[in-house]
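Peer 1: Dropping in input.txt, with compact mmCIF, C-alpha atoms.
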```
# COMPACT_ATOMS: atom_id res chain seq x y z
CA MET R 1 -1.75 -17.06 -17.08
CA PRO R 2 -0.44 -19.27 -14.20
CA SER R 3 1.09 -17.20 -11.40
CA LEU R 4 4.60 -18.68 -11.87
CA TYR R 5 4.67 -17.78 -15.57
CA LYS R 6 3.23 -14.34 -14.79
CA ALA R 7 6.04 -13.68 -12.30
CA VAL R 8 8.71 -14.79 -14.80
CA ALA R 9 7.18 -12.67 -17.56
CA THR R 10 6.90 -9.67 -15.25
CA ASN R 11 10.54 -9.97 -14.19
CA PHE R 12 11.71 -10.24 -17.79
CA LEU R 13 9.80 -7.11 -18.80
CA VAL R 14 10.98 -5.18 -15.75
CA ASP R 15 14.64 -6.15 -16.05
CA THR R 16 14.68 -5.44 -19.79
CA TYR R 17 13.07 -2.04 -19.18
CA LEU R 18 15.61 -1.14 -16.53
CA LEU R 19 18.69 -2.30 -18.42
CA VAL R 20 17.70 -0.50 -21.59
CA GLY R 21 15.99 2.59 -20.22
CA TRP R 22 17.85 3.57 -17.06
CA LYS R 23 21.42 4.29 -15.99
CA SER R 24 23.07 2.41 -13.15
CA ILE R 25 23.33 4.19 -9.80
CA GLY R 26 26.62 4.16 -7.91
CA VAL R 27 28.54 0.94 -8.52
CA ALA R 28 26.13 -0.82 -10.90
CA VAL R 29 23.22 -0.63 -8.45
CA ILE R 30 19.81 -0.67 -10.20
CA ASP R 31 17.22 1.79 -8.93
CA LEU R 32 15.16 -0.55 -6.77
CA ALA R 33 12.33 1.95 -6.43
CA GLU R 34 11.88 2.18 -10.20
CA ARG R 35 11.98 -1.60 -10.54
CA ALA R 36 9.23 -1.88 -7.93
CA ALA R 37 7.22 0.89 -9.62
CA GLN R 38 7.45 -0.90 -12.95
CA GLN R 39 6.24 -4.15 -11.41
CA LEU R 40 3.35 -2.25 -9.86
CA ARG R 41 2.43 -0.83 -13.28
CA LEU R 42 2.37 -4.38 -14.62
CA GLY R 43 -0.14 -5.41 -11.95
CA SER R 44 2.26 -7.31 -9.72
CA MET R 45 2.51 -7.28 -5.95
CA VAL R 46 5.60 -5.80 -4.28
CA VAL R 47 7.15 -6.31 -0.83
CA ILE R 48 8.00 -3.16 1.17
CA TYR R 49 10.07 -3.31 4.38
CA ASP R 50 9.78 -0.09 6.37
CA GLY R 51 13.06 -0.30 8.31
CA ASP R 52 14.76 -1.76 11.38
CA GLU R 53 14.35 1.54 13.22
CA ARG R 54 10.57 1.64 12.74
CA GLU R 55 8.08 -1.27 12.82
CA GLY R 56 10.60 -3.70 11.37
CA GLU R 57 7.83 -5.18 9.24
CA ALA R 58 7.40 -6.14 5.62
CA ASP R 59 4.08 -5.52 3.86
CA LEU R 60 2.80 -7.18 0.72
CA VAL R 61 1.33 -4.38 -1.41
CA VAL R 62 -0.54 -4.01 -4.69
CA HIS R 63 -2.40 -1.21 -6.43
CA ALA R 64 -6.12 -1.16 -5.64
CA GLN R 65 -7.14 -1.56 -9.29
CA ASN R 66 -5.46 -4.99 -9.32
CA ALA R 67 -7.02 -6.29 -6.08
CA GLU R 68 -8.80 -9.26 -7.65
CA PRO R 69 -10.34 -11.94 -5.39
CA LYS R 70 -7.31 -14.19 -5.97
CA THR R 71 -5.04 -11.32 -4.91
CA ILE R 72 -6.98 -10.85 -1.67
CA GLU R 73 -6.66 -14.59 -1.03
CA THR R 74 -2.90 -14.34 -1.49
CA LEU R 75 -2.70 -11.42 0.93
CA ARG R 76 -4.56 -13.21 3.70
CA ARG R 77 -2.85 -16.57 3.15
CA ASP R 78 0.73 -15.47 2.48
CA ALA R 79 0.86 -12.21 4.46
CA GLY R 80 -1.77 -12.78 7.15
CA GLY R 81 -1.99 -9.28 8.62
CA LEU R 82 -4.72 -6.66 8.35
CA ILE R 83 -5.73 -5.92 4.76
CA CYS R 84 -5.93 -2.13 4.44
CA LEU R 85 -6.48 0.40 1.70
CA ALA R 86 -4.14 3.39 1.81
CA LEU R 87 -5.38 6.64 0.23
CA ASP R 88 -3.27 9.68 -0.51
CA ALA R 89 -4.13 12.90 1.28
CA GLY R 90 -5.67 14.53 -1.78
CA PHE R 91 -8.04 11.63 -2.42
CA ALA R 92 -9.02 11.43 1.26
CA LYS R 93 -9.72 15.17 1.32
CA ALA R 94 -11.88 14.90 -1.80
CA LEU R 95 -13.91 12.20 -0.01
CA GLY R 96 -14.27 14.30 3.14
CA LEU R 97 -12.53 11.48 5.02
CA PRO R 98 -11.11 12.21 8.50
CA PHE R 99 -8.56 10.25 10.51
CA TYR R 100 -10.15 7.97 13.09
CA THR R 101 -8.35 9.90 15.82
CA ASP R 102 -10.12 13.06 14.60
CA ILE R 103 -13.47 11.30 15.04
CA LEU R 104 -12.57 10.28 18.59
CA GLU R 105 -11.31 13.76 19.42
CA ALA R 106 -14.57 15.32 18.21
CA SER R 107 -16.68 12.82 20.16
CA ASN R 108 -18.41 13.61 23.44
CA LEU R 109 -18.37 9.93 24.39
CA PRO R 110 -16.10 8.53 27.15
CA ILE R 111 -14.11 6.56 24.55
CA ARG R 112 -12.58 9.87 23.52
CA ALA R 113 -10.02 9.22 26.27
CA MET R 114 -8.82 6.16 24.31
CA GLU R 115 -7.49 8.23 21.42
CA CYS R 116 -4.00 7.10 20.38
CA THR R 117 -1.89 10.11 19.41
CA LYS R 118 1.44 8.30 19.23
CA THR R 119 2.24 4.66 18.50
CA ALA R 120 5.01 2.59 20.13
CA TYR R 121 7.23 3.35 17.12
CA GLY R 122 6.61 7.10 17.37
CA ASP R 123 4.04 7.94 14.66
CA ARG R 124 0.48 9.19 14.69
CA PRO R 125 -1.84 6.41 13.42
CA ALA R 126 -2.86 6.51 9.76
CA PHE R 127 -6.24 4.83 10.29
CA ALA R 128 -9.47 6.36 9.02
CA ILE R 129 -12.72 4.34 8.98
CA PRO R 130 -13.43 0.73 7.89
CA ILE R 131 -15.82 0.47 4.93
CA ASN R 132 -17.78 -1.93 2.74
CA HIS R 133 -19.26 -1.36 -0.68
CA LYS R 134 -23.05 -1.68 -0.66
CA GLY R 135 -22.79 -4.48 -3.22
CA VAL R 136 -21.23 -6.91 -0.74
CA TYR R 137 -22.97 -9.48 1.46
CA THR R 138 -20.91 -9.86 4.65
CA GLY R 139 -17.98 -7.83 3.36
CA ILE R 140 -15.24 -10.18 4.59
CA THR R 141 -14.92 -12.72 1.76
CA ASP R 142 -12.24 -12.41 -0.90
CA ASN R 143 -14.89 -11.49 -3.46
CA ASP R 144 -16.46 -8.89 -1.17
CA ARG R 145 -13.22 -7.20 -0.17
CA SER R 146 -12.09 -7.21 -3.79
CA LEU R 147 -15.33 -5.46 -4.77
CA THR R 148 -14.97 -2.81 -2.07
CA ILE R 149 -11.34 -2.10 -2.95
CA THR R 150 -11.68 -2.05 -6.74
CA LYS R 151 -14.72 0.21 -6.50
CA MET R 152 -12.61 2.58 -4.40
CA ALA R 153 -9.94 2.44 -7.12
CA GLU R 154 -12.57 3.56 -9.62
CA LEU R 155 -13.49 6.46 -7.32
CA ALA R 156 -9.86 7.57 -7.30
CA GLU R 157 -10.21 8.36 -11.01
CA GLU R 158 -13.28 10.58 -10.53
CA LYS R 159 -13.01 14.37 -10.28
CA ASN R 160 -15.71 14.67 -7.60
CA PRO R 161 -15.83 11.31 -5.78
CA ALA R 162 -17.51 12.38 -2.51
CA GLU R 163 -21.08 11.89 -3.70
CA SER R 164 -20.41 8.37 -4.99
CA PHE R 165 -18.47 7.52 -1.83
CA MET R 166 -21.36 8.50 0.45
CA ARG R 167 -23.93 6.81 -1.79
CA ASP R 168 -22.19 3.51 -2.57
CA PHE R 169 -20.25 2.66 0.61
CA TYR R 170 -21.04 2.28 4.30
CA SER R 171 -19.21 2.03 7.61
CA PRO R 172 -18.30 0.07 9.65
CA GLY R 173 -17.06 -2.47 7.15
CA HIS R 174 -14.22 -4.90 6.52
CA VAL R 175 -11.70 -2.81 4.55
CA PHE R 176 -9.74 -0.46 6.79
CA LEU R 177 -8.89 2.86 5.17
CA LEU R 178 -5.58 4.60 5.86
CA ILE R 179 -4.65 8.19 4.99
CA GLY R 180 -1.14 9.09 3.91
CA ARG R 181 0.62 12.11 5.35
CA GLY R 182 3.28 12.26 2.65
CA ILE R 183 6.69 10.59 2.62
CA GLU R 184 8.27 13.90 3.65
CA ASN R 185 6.29 13.75 6.93
CA ARG R 186 6.01 10.06 7.76
CA HIS R 187 7.87 6.91 6.69
CA GLY R 188 5.20 4.26 7.31
CA HIS R 189 4.01 1.60 4.89
CA THR R 190 1.07 3.87 4.10
CA GLU R 191 3.32 6.64 2.80
CA LEU R 192 5.90 4.31 1.23
CA SER R 193 3.28 2.42 -0.78
CA LEU R 194 1.58 5.64 -1.90
CA GLU R 195 4.94 7.11 -2.96
CA LEU R 196 5.51 3.97 -5.00
CA ALA R 197 2.12 4.44 -6.67
CA ARG R 198 3.03 8.05 -7.45
CA ARG R 199 6.32 7.00 -9.03
CA ALA R 200 4.44 4.39 -11.06
CA GLY R 201 2.01 7.02 -12.35
CA LEU R 202 -0.95 5.32 -10.65
CA SER R 203 -3.72 6.80 -8.52
CA GLY R 204 -3.29 7.14 -4.75
CA ALA R 205 -5.02 3.93 -3.67
CA MET R 206 -2.80 1.08 -2.46
CA VAL R 207 -3.67 -2.22 -0.77
CA LEU R 208 -1.27 -3.38 1.94
CA CYS R 209 -1.09 -6.30 4.33
CA GLU R 210 1.53 -7.01 7.00
CA MET R 211 3.54 -10.20 6.53
CA LEU R 212 3.39 -12.26 9.72
CA GLY R 213 5.56 -15.06 11.01
CA SER R 214 5.10 -17.31 14.05
CA GLY R 215 3.95 -15.08 16.89
CA LYS R 216 5.51 -11.94 15.41
CA ALA R 217 6.23 -10.12 12.17
CA LEU R 218 7.91 -12.10 9.41
CA SER R 219 11.65 -11.46 9.52
CA LYS R 220 13.27 -9.25 6.91
CA LYS R 221 15.30 -12.22 5.68
CA ASP R 222 12.21 -14.39 5.22
CA ALA R 223 10.32 -11.55 3.53
CA GLU R 224 13.22 -11.10 1.09
CA GLU R 225 13.23 -14.83 0.41
CA TYR R 226 9.46 -14.80 -0.21
CA ALA R 227 9.90 -11.99 -2.73
CA ARG R 228 12.84 -13.68 -4.44
CA LYS R 229 11.06 -17.00 -4.90
CA ARG R 230 8.05 -15.30 -6.47
CA GLY R 231 9.89 -12.81 -8.59
CA LEU R 232 8.58 -9.81 -6.64
CA ALA R 233 10.49 -6.59 -6.04
CA PHE R 234 11.69 -6.14 -2.45
CA LEU R 235 12.02 -2.51 -1.44
CA GLU R 236 13.21 -0.94 1.82
CA GLY R 237 11.91 2.36 3.12
CA LYS R 238 15.38 3.91 2.90
CA ASP R 239 15.50 3.07 -0.82
CA MET R 240 12.16 4.77 -1.43
CA ILE R 241 13.17 7.84 0.57
CA ALA R 242 16.50 8.06 -1.27
CA ALA R 243 14.74 7.62 -4.62
CA GLY R 244 12.33 10.39 -3.68
CA ALA R 245 15.23 12.68 -2.86
CA ARG R 246 16.81 11.97 -6.26
CA THR R 247 13.51 12.60 -8.02
CA ASP R 248 13.04 15.89 -6.17
CA GLY R 249 16.36 17.34 -7.22
CA GLY R 250 19.15 14.82 -6.84
CA ASP R 251 21.25 13.30 -9.58
CA ASP R 252 19.54 12.08 -12.73
CA ILE R 253 18.82 8.38 -12.68
```
Kindly transcribe the structure held in the file into structure tokens.

Peer 2:
Amino acid sequence: MPSLYKAVATNFLVDTYLLVGWKSIGVAVIDLAERAAQQLRLGSMVVIYDGDEREGEADLVVHAQNAEPKTIETLRRDAGGLICLALDAGFAKALGLPFYTDILEASNLPIRAMECTKTAYGDRPAFAIPINHKGVYTGITDNDRSLTITKMAELAEEKNPAESFMRDFYSPGHVFLLIGRGIENRHGHTELSLELARRAGLSGAMVLCEMLGSGKALSKKDAEEYARKRGLAFLEGKDMIAAGARTDGGDDI
């Protein structure tokens, strides 16, 4: 199905679902987090803006199981940032995956002194290791990165994924892994995208790529316009955090 028709069909299904199945919040405000989660379930990409007080960046995100080669091409052409794969803490633990800062801290090499414990916007980094699947050639092409990511999505469905992870992947590679610390602890794109996956009932494996403009991050206004033109949900971090609070014991939606 052509991408334009797919976006229109996705929006129709999402809007129908929301109008029929959910109450309005406040003064006729639709639950943006649920709209984004529904689009994610339908295989669509979503735009997440973390917040003016944090990075002030919008990321184009999609669930790992839908990271087809054409999707990777869209991420690198339309977003342009670093294509990463965010894993929830439980999945990372099952893989035996440490944060990259933990690796540096445990090292006896001089580069240990380079460990970043706090970013310019105040958070500990979410980076783990970069990987490739052993079935790739260079690892950087759209086809190769799609293979690495979708194979990781398959691992997320396994009960004991560590053996397959060690056997079928290697590092360094071209897909950077991130580990979520939970939305209650950190409000980065890693945690926001993983919370969206949780709300959508999907496994904790999300692909994200920063949206870049000329010399700096794409503005919030331009990111919203990009989403609007393509029929994609645009979600702010504050909306996801508020939605999480409602889900955890706030008013019924």

Peer 1: Figure out the distance between atom CA of R:Leu178 and atom CA of R:Leu194, please, to one decimal in Å.

Peer 2: 10.6 Å

Peer 1: Calculate how many Å separate atom CA of R:Arg41 from atom CA of R:Leu147, rounding to one decimal.

Peer 2: 20.2 Å

Peer 1: Between atom CA of R:Leu232 and atom CA of R:His174, what distance in Å does the model show, to one decimal?

Peer 2: 26.8 Å

Peer 1: Give the answer as one residue: which of R:Lys216, R:Lys229, R:His187, R:Lys221 has the shortest atom-to-atom distance to R:Gly81, using all atoms listed in the file?

Peer 2: R:Lys216

Peer 1: Leaving out stretch 70-80 of chain R and any residue of its chain fewer than 3 positions from it, which residues lie within 10 Å of it when counting only C-alpha atoms, given as a list of chain:residue names?

Peer 2: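 The contact residues come out as R:Ser44, R:Met45, R:Ala58, R:Asp59, R:Leu60, R:Val61, R:Val62, R:Asn66, R:Ala67, R:Ile83, R:Thr141, R:Asp142, R:Asn143, R:Asp144, R:Arg145, R:Ser146, R:Ile149, R:Val207, R:Leu208, R:Cys209, R:Glu210, R:Met211, R:Leu212, R:Gly213, R:Ala217, R:Leu218, R:Ala223, R:Tyr226.
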
Peer 1: Print the selection's residues with C-alpha atoms to a file, as a compact mmCIF listing (two decimals), in the frame of the given file.

Peer 2:
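So the final result, stored in result_0.txt, reads:
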```txt
# COMPACT_ATOMS: atom_id res chain seq x y z
CA SER R 44 2.26 -7.31 -9.72
CA MET R 45 2.51 -7.28 -5.95
CA ALA R 58 7.40 -6.14 5.62
CA ASP R 59 4.08 -5.52 3.86
CA LEU R 60 2.80 -7.18 0.72
CA VAL R 61 1.33 -4.38 -1.41
CA VAL R 62 -0.54 -4.01 -4.69
CA ASN R 66 -5.46 -4.99 -9.32
CA ALA R 67 -7.02 -6.29 -6.08
CA ILE R 83 -5.73 -5.92 4.76
CA THR R 141 -14.92 -12.72 1.76
CA ASP R 142 -12.24 -12.41 -0.90
CA ASN R 143 -14.89 -11.49 -3.46
CA ASP R 144 -16.46 -8.89 -1.17
CA ARG R 145 -13.22 -7.20 -0.17
CA SER R 146 -12.09 -7.21 -3.79
CA ILE R 149 -11.34 -2.10 -2.95
CA VAL R 207 -3.67 -2.22 -0.77
CA LEU R 208 -1.27 -3.38 1.94
CA CYS R 209 -1.09 -6.30 4.33
CA GLU R 210 1.53 -7.01 7.00
CA MET R 211 3.54 -10.20 6.53
CA LEU R 212 3.39 -12.26 9.72
CA GLY R 213 5.56 -15.06 11.01
CA ALA R 217 6.23 -10.12 12.17
CA LEU R 218 7.91 -12.10 9.41
CA ALA R 223 10.32 -11.55 3.53
CA TYR R 226 9.46 -14.80 -0.21
```

Peer 1: Could you give me stretch 91-103 of chain R completed to N, CA and C atoms, formatted as a compact mmCIF listing (two decimals), keeping the file's coordinate frame?

Peer 2:
```txt
# COMPACT_ATOMS: atom_id res chain seq x y z
N PHE R 91 -6.86 12.47 -2.21
CA PHE R 91 -8.04 11.63 -2.42
C PHE R 91 -8.91 11.62 -1.17
N ALA R 92 -8.28 11.44 -0.01
CA ALA R 92 -9.02 11.43 1.26
C ALA R 92 -9.76 12.75 1.48
N LYS R 93 -9.09 13.85 1.16
CA LYS R 93 -9.72 15.17 1.32
C LYS R 93 -10.91 15.32 0.39
N ALA R 94 -10.78 14.82 -0.83
CA ALA R 94 -11.88 14.90 -1.80
C ALA R 94 -13.09 14.09 -1.33
N LEU R 95 -12.84 13.03 -0.55
CA LEU R 95 -13.91 12.20 -0.01
C LEU R 95 -14.51 12.79 1.26
N GLY R 96 -13.85 13.77 1.84
CA GLY R 96 -14.27 14.30 3.14
C GLY R 96 -13.96 13.33 4.26
N LEU R 97 -12.87 12.57 4.10
CA LEU R 97 -12.53 11.48 5.02
C LEU R 97 -11.60 11.96 6.13
N PRO R 98 -11.99 11.82 7.39
CA PRO R 98 -11.11 12.21 8.50
C PRO R 98 -10.30 11.02 9.01
N PHE R 99 -9.25 11.30 9.76
CA PHE R 99 -8.56 10.25 10.51
C PHE R 99 -9.49 9.76 11.62
N TYR R 100 -9.32 8.51 12.01
CA TYR R 100 -10.15 7.97 13.09
C TYR R 100 -9.90 8.72 14.39
N THR R 101 -8.66 9.13 14.61
CA THR R 101 -8.35 9.90 15.82
C THR R 101 -9.10 11.23 15.84
N ASP R 102 -9.34 11.82 14.67
CA ASP R 102 -10.12 13.06 14.60
C ASP R 102 -11.57 12.82 15.03
N ILE R 103 -12.10 11.65 14.65
CA ILE R 103 -13.47 11.30 15.04
C ILE R 103 -13.56 11.14 16.55
```
